[in-house]
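Here is the structure we will look at.
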Amino acid sequence: MPLMPTRNVKRLIFQAVLAFESKTKVTIHVLLSLLTGIYDMKDLGLDVDLKSVETNMVYFNVNHPTVSANELVKRMLDVTDSAPPETRVAVRILTAGKDRIRLVLHHQVCEDHVHMTLRKIKYILTSSHG
């Protein structure tokens, strides 16, 4: 069950979306889907930095017991036949420090792309056994 954002988190998400809207061509719906999806994986060790969202870049920390930020970056590019079909997509993300990820949205990115990305992140974090 997804975590319910507190009022403070909802306010921070809204502020991030407003700042984002004024600086980029990516639609608000795409950004909101991404921020909410990462926030909903808080129990899997992800911590989105809502205060840093001002452009088309989203930063989040990886505090997972068996998947490091570097491992997540590597596995997001891997596409294997053994993975569920809905996660067979290569997504380029970058590290921005030891435990930090930078994800960049471009104007070509749509909500379907965001949902595929979020499904793959969740698959990696929930199927990892060390």
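Identifiers in the structure tokens: chain A, B, ... in order shown; residue index from 1 per chain; ligand index from 1 in order shown.
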Residues of region 56-127 of chain A in strand (DSSP E or B), written as JSON, numbers by chain: {"A": [57, 58, 59, 60, 61, 62, 94, 95, 100, 101, 102, 103, 104]}
Write a file of the just-selected residues containing all heavy atoms, as a compact mmCIF listing (two decimals), in the first residue's frame.
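Writing the result to result_23.txt gives the following:
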# COMPACT_ATOMS: atom_id res chain seq x y z
N MET A 57 15.43 18.21 -13.64
CA MET A 57 16.22 17.21 -12.92
C MET A 57 15.57 16.90 -11.58
O MET A 57 15.17 17.80 -10.85
CB MET A 57 17.64 17.70 -12.70
CG MET A 57 18.43 17.79 -13.97
SD MET A 57 20.10 18.37 -13.68
CE MET A 57 19.84 20.11 -13.95
N VAL A 58 15.49 15.60 -11.29
CA VAL A 58 14.96 15.13 -10.01
C VAL A 58 16.07 14.35 -9.33
O VAL A 58 16.69 13.48 -9.93
CB VAL A 58 13.72 14.23 -10.23
CG1 VAL A 58 13.26 13.61 -8.92
CG2 VAL A 58 12.60 15.03 -10.89
N TYR A 59 16.32 14.69 -8.08
CA TYR A 59 17.34 14.00 -7.28
C TYR A 59 16.66 13.15 -6.22
O TYR A 59 15.69 13.59 -5.60
CB TYR A 59 18.26 15.01 -6.59
CG TYR A 59 19.13 15.77 -7.55
CD1 TYR A 59 18.69 16.96 -8.13
CD2 TYR A 59 20.40 15.30 -7.87
CE1 TYR A 59 19.50 17.66 -9.01
CE2 TYR A 59 21.22 16.01 -8.75
CZ TYR A 59 20.75 17.18 -9.31
OH TYR A 59 21.56 17.87 -10.18
N PHE A 60 17.20 11.94 -6.01
CA PHE A 60 16.72 11.13 -4.91
C PHE A 60 17.86 10.28 -4.36
O PHE A 60 18.83 9.99 -5.06
CB PHE A 60 15.50 10.29 -5.29
CG PHE A 60 15.73 9.28 -6.40
CD1 PHE A 60 16.06 7.96 -6.10
CD2 PHE A 60 15.56 9.63 -7.72
CE1 PHE A 60 16.23 7.02 -7.10
CE2 PHE A 60 15.73 8.72 -8.74
CZ PHE A 60 16.06 7.40 -8.43
N ASN A 61 17.73 9.93 -3.10
CA ASN A 61 18.74 9.11 -2.43
C ASN A 61 18.29 7.66 -2.42
O ASN A 61 17.10 7.36 -2.32
CB ASN A 61 18.97 9.60 -1.00
CG ASN A 61 19.61 10.96 -0.98
OD1 ASN A 61 20.49 11.27 -1.78
ND2 ASN A 61 19.16 11.80 -0.08
N VAL A 62 19.28 6.77 -2.51
CA VAL A 62 19.04 5.33 -2.45
C VAL A 62 19.61 4.83 -1.13
O VAL A 62 20.82 4.87 -0.91
CB VAL A 62 19.70 4.60 -3.63
CG1 VAL A 62 19.46 3.10 -3.54
CG2 VAL A 62 19.21 5.16 -4.96
N LEU A 94 21.78 8.77 -13.68
CA LEU A 94 23.16 9.03 -13.28
C LEU A 94 23.28 9.12 -11.77
O LEU A 94 22.34 9.55 -11.09
CB LEU A 94 23.63 10.34 -13.89
CG LEU A 94 23.59 10.45 -15.41
CD1 LEU A 94 23.83 11.89 -15.84
CD2 LEU A 94 24.59 9.51 -16.04
N THR A 95 24.45 8.76 -11.28
CA THR A 95 24.72 9.01 -9.86
C THR A 95 25.13 10.47 -9.71
O THR A 95 25.69 11.07 -10.61
CB THR A 95 25.83 8.10 -9.31
OG1 THR A 95 27.00 8.26 -10.10
CG2 THR A 95 25.41 6.65 -9.28
N ARG A 100 23.25 9.04 -4.16
CA ARG A 100 22.30 9.96 -4.78
C ARG A 100 22.18 9.71 -6.28
O ARG A 100 23.17 9.45 -6.96
CB ARG A 100 22.79 11.39 -4.52
CG ARG A 100 21.78 12.47 -4.75
CD ARG A 100 22.34 13.74 -4.11
NE ARG A 100 21.61 14.91 -4.45
CZ ARG A 100 20.54 15.35 -3.79
NH1 ARG A 100 20.10 14.68 -2.77
NH2 ARG A 100 19.94 16.45 -4.15
N ILE A 101 20.95 9.83 -6.78
CA ILE A 101 20.64 9.64 -8.19
C ILE A 101 20.11 10.94 -8.77
O ILE A 101 19.36 11.65 -8.12
CB ILE A 101 19.56 8.54 -8.37
CG1 ILE A 101 20.04 7.19 -7.86
CG2 ILE A 101 19.06 8.46 -9.81
CD1 ILE A 101 21.05 6.50 -8.74
N ARG A 102 20.50 11.20 -10.00
CA ARG A 102 19.94 12.32 -10.74
C ARG A 102 19.19 11.75 -11.93
O ARG A 102 19.74 11.00 -12.73
CB ARG A 102 21.03 13.26 -11.24
CG ARG A 102 20.46 14.48 -11.96
CD ARG A 102 21.57 15.36 -12.45
NE ARG A 102 22.00 14.83 -13.75
CZ ARG A 102 22.75 15.50 -14.60
NH1 ARG A 102 23.21 16.69 -14.29
NH2 ARG A 102 23.09 14.98 -15.75
N LEU A 103 17.92 12.09 -12.04
CA LEU A 103 17.08 11.64 -13.14
C LEU A 103 16.64 12.89 -13.90
O LEU A 103 16.11 13.82 -13.30
CB LEU A 103 15.88 10.88 -12.58
CG LEU A 103 15.17 9.95 -13.54
CD1 LEU A 103 14.54 8.82 -12.78
CD2 LEU A 103 14.15 10.67 -14.36
N VAL A 104 16.89 12.91 -15.19
CA VAL A 104 16.58 14.09 -16.01
C VAL A 104 15.40 13.79 -16.92
O VAL A 104 15.39 12.78 -17.64
CB VAL A 104 17.81 14.50 -16.86
CG1 VAL A 104 17.49 15.71 -17.71
CG2 VAL A 104 19.02 14.76 -15.97
For Ser128 (chain A), work out the shell of residues within 10 Å, counting only C-alpha atoms and skipping chain neighbours fewer than 6 positions away, then give it as a ChimeraX atom specification. /A:64-67
Any chance you could export the current selection's N, CA and C atoms as an mmCIF file, in the first residue's frame?
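Generated output (result_22.cif):
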data_model
loop_
_atom_site.group_PDB
_atom_site.id
_atom_site.type_symbol
_atom_site.label_atom_id
_atom_site.label_comp_id
_atom_site.auth_asym_id
_atom_site.auth_seq_id
_atom_site.Cartn_x
_atom_site.Cartn_y
_atom_site.Cartn_z
ATOM 1 N N HIS A 64 18.858 1.630 0.187
ATOM 2 C CA HIS A 64 18.363 0.257 0.126
ATOM 3 C C HIS A 64 19.406 -0.676 0.746
ATOM 4 N N PRO A 65 18.983 -1.731 1.448
ATOM 5 C CA PRO A 65 19.964 -2.608 2.106
ATOM 6 C C PRO A 65 20.873 -3.384 1.161
ATOM 7 N N THR A 66 20.431 -3.653 -0.083
ATOM 8 C CA THR A 66 21.267 -4.453 -0.987
ATOM 9 C C THR A 66 21.529 -3.808 -2.345
ATOM 10 N N VAL A 67 20.855 -2.701 -2.655
ATOM 11 C CA VAL A 67 21.048 -2.035 -3.950
ATOM 12 C C VAL A 67 21.602 -0.631 -3.703
#
So that I can see what lies close to His115 (chain A), please list as a VMD selection string the residues with an atom at most 12 Å from it, counting only C-alpha atoms and leaving out residues fewer than 4 positions away in the same chain. chain A and resid 29 to 38 86 to 87 89 91 109 to 111 119 to 122
Helix (DSSP H, G or I) call set, DSSP backbone run, region 30-130 of chain A, as a ChimeraX atom specification: /A:30-40,42-44,50-52,69-77,85-87,111-127
